[in-house]
Amino acid sequence: MADRSGYIGRAPGDSSVTVARQTFSPTGITTDFTFASGYIPGYFDIFINGAKMIEGSDYTSTDGSTFVILNGGAISGDVIEGVAYKAFNAATATVGIYSGGDPISTQANILNFVGTGNTFALRGSTVDISISGGGAGAGGTWSNYDSNAGVTTTKKVKIQNNLEVTGVTTSTGGFVGALTGNVTGNIAGATGSFTGNVSVGGTLTYEDVTNVDSVGLVTARTGVRIVGGGLTVTGVSTFHNDISIPGNRDILMGGAADDTTGALKIYNNSNRFFEIYSTSKEAYIRNTGSDANGININANATVTLGGGGTGSFSIEASNDGTAKLYGPGPLLKLQTTSGGISITGTSTCTGGVQIGAGQSFGANGPTAVYYGDGSNLTNLPAAGLTTEALVSSGITTTLNLTAAQDHKVTASGITTITVSGGTEADSHTVRIINSGITTVGFSTYFLFPSGSAPSLPTASGAISLISFTVNRVGAGGTQLLAGASLNFS
């Protein structure tokens, strides 16, 4: 068998033979298993439910640690037992090395001590090794450290494998060479000095640094306080909350720190929307574009509100004490003067116009009314009648007594005549011309001498004339005193 020098079973040089066993109870279908104590390939048997399996046909075990059940694996309810046969030879066996109860190695073949002044003592199955202080062998001077059980040497120590330290690591001479690899846990220190660059892939938390140069995003969780030197920003700055400027402070914009001839501009996407702008003599608060409006403080000491665009309006306050209203566009519409105001164009007043203490103009419906004694009115047109012409076709026709005194009605079909407005004692006439066969009646506002409405001719082309006077208008109802009708057919 392999590694047995031709011997089957125990070789004469073996100190003893040990057997390691481990059972497994799979849940569900399982093929891969790990033998905890390890095995020597070729010296490892598998039993399933008490039946010995055949290596290569029923299972494989090649790496000294794991084995694989073939033919679909084991299932729930199976009991698998692994048996490893291990020969122990004192000349070639591995040795477990411990220090203070902690394992140093479990696979060492040779334990070599360099230097003098060391003692060894056999204690049962354990060998105790003491390294005595005061000696100066090849390992240097070894002694206790810091009044505690430890080791110190005046020689260099070279570690060609991993070094694991539990506790505090102190270096009085610093570190030479690149410090690479991952560090788990926290690193805390009182001070640190770096003459080159420091690269941090995650979050960096620090206090009282002189210069910070970050190629990525810097997040300050409790704010940023700049107590000197100012803040220089290149690129876009985004503020998600309010910007508060303390009292008695300025916002200066321009090429230099004391240059106040710049502009504060607020943009809407890529289009300029609003700006506060100043030159050496003027200042503007305005939106920009072809229809720009805003507040302009001009060099000639005028203040303009609005302006811009052909359809816009603006107000200008000049340094001479006058005010001007423009619009649409640059057209002057109203201007104050030392004696009053000057208006260009038509002025519309929805209420009355007061002139002096006792004169005013007003309106009574569509008619302009002058209030006052009229003693100073001149160039009035001669008094005359106003005619209202109406066409009625089988409907009720209303005479507007306020608008006219003479009323002409061209009627056809069945027509009823009524009135609106009027002033007491005003006299009116109504002329009725039939257009086709026509029957004309009157509303109850009309009162006739006979007590009933007259019978007017119905033939086409007939002409009738009725005169009446307004007797009453108001809450009691309109009352018209009509005379007899005249037939001019």
# chains A, B, ... in the order shown; residues from 1 in each chain; ligands from 1
>>> residues_around(residues="region 70-80 of chain A", least_positions_apart="2", cutoff="12 Å", atoms="only C-alpha atoms", output="PyMOL selection string")
chain A and resi 21-35+45-61+67-68+82-83
>>> residues_around(residues="Thr336 (chain A)", least_positions_apart="5", cutoff="6 Å", atoms="only C-alpha atoms", output="list in words")
Thr322, Ala323 and Ile341 of chain A
>>> write_last_selection(atoms="N, CA and C atoms", output="mmCIF file, in the first residue's frame")
data_model
loop_
_atom_site.group_PDB
_atom_site.id
_atom_site.type_symbol
_atom_site.label_atom_id
_atom_site.label_comp_id
_atom_site.auth_asym_id
_atom_site.auth_seq_id
_atom_site.Cartn_x
_atom_site.Cartn_y
_atom_site.Cartn_z
ATOM 1 N N THR A 322 -41.792 114.741 -12.030
ATOM 2 C CA THR A 322 -42.927 114.319 -12.849
ATOM 3 C C THR A 322 -42.947 112.806 -12.946
ATOM 4 N N ALA A 323 -44.114 112.299 -13.293
ATOM 5 C CA ALA A 323 -44.300 110.864 -13.499
ATOM 6 C C ALA A 323 -44.942 110.666 -14.863
ATOM 7 N N ILE A 341 -52.261 117.239 -14.943
ATOM 8 C CA ILE A 341 -51.872 116.062 -15.695
ATOM 9 C C ILE A 341 -52.167 116.296 -17.155
#
>>> atom_distance(atom1="CA of Ile437 (chain A)", atom2="CA of Ile466 (chain A)")
19.3 Å
>>> select_by_dssp(residues="region 147-233 of chain A", states="strand (DSSP E or B)", output="PDB file with N, CA and C atoms, in the first residue's frame")
ATOM      1  N   ASN A 148       6.708  42.889  32.628  1.00  0.00           N
ATOM      2  CA  ASN A 148       5.717  41.837  32.400  1.00  0.00           C
ATOM      3  C   ASN A 148       6.397  40.685  31.687  1.00  0.00           C
ATOM      4  N   ALA A 149       5.736  39.545  31.761  1.00  0.00           N
ATOM      5  CA  ALA A 149       6.265  38.387  31.062  1.00  0.00           C
ATOM      6  C   ALA A 149       6.238  38.673  29.571  1.00  0.00           C
ATOM      7  N   GLY A 150       7.363  38.723  28.938  1.00  0.00           N
ATOM      8  CA  GLY A 150       7.422  39.033  27.519  1.00  0.00           C
ATOM      9  C   GLY A 150       8.806  38.793  26.995  1.00  0.00           C
ATOM     10  N   VAL A 151       9.033  39.210  25.758  1.00  0.00           N
ATOM     11  CA  VAL A 151      10.314  38.976  25.112  1.00  0.00           C
ATOM     12  C   VAL A 151      10.795  40.278  24.505  1.00  0.00           C
ATOM     13  N   THR A 152      12.082  40.602  24.715  1.00  0.00           N
ATOM     14  CA  THR A 152      12.696  41.743  24.056  1.00  0.00           C
ATOM     15  C   THR A 152      14.041  41.312  23.515  1.00  0.00           C
TER      16      THR A 152
END
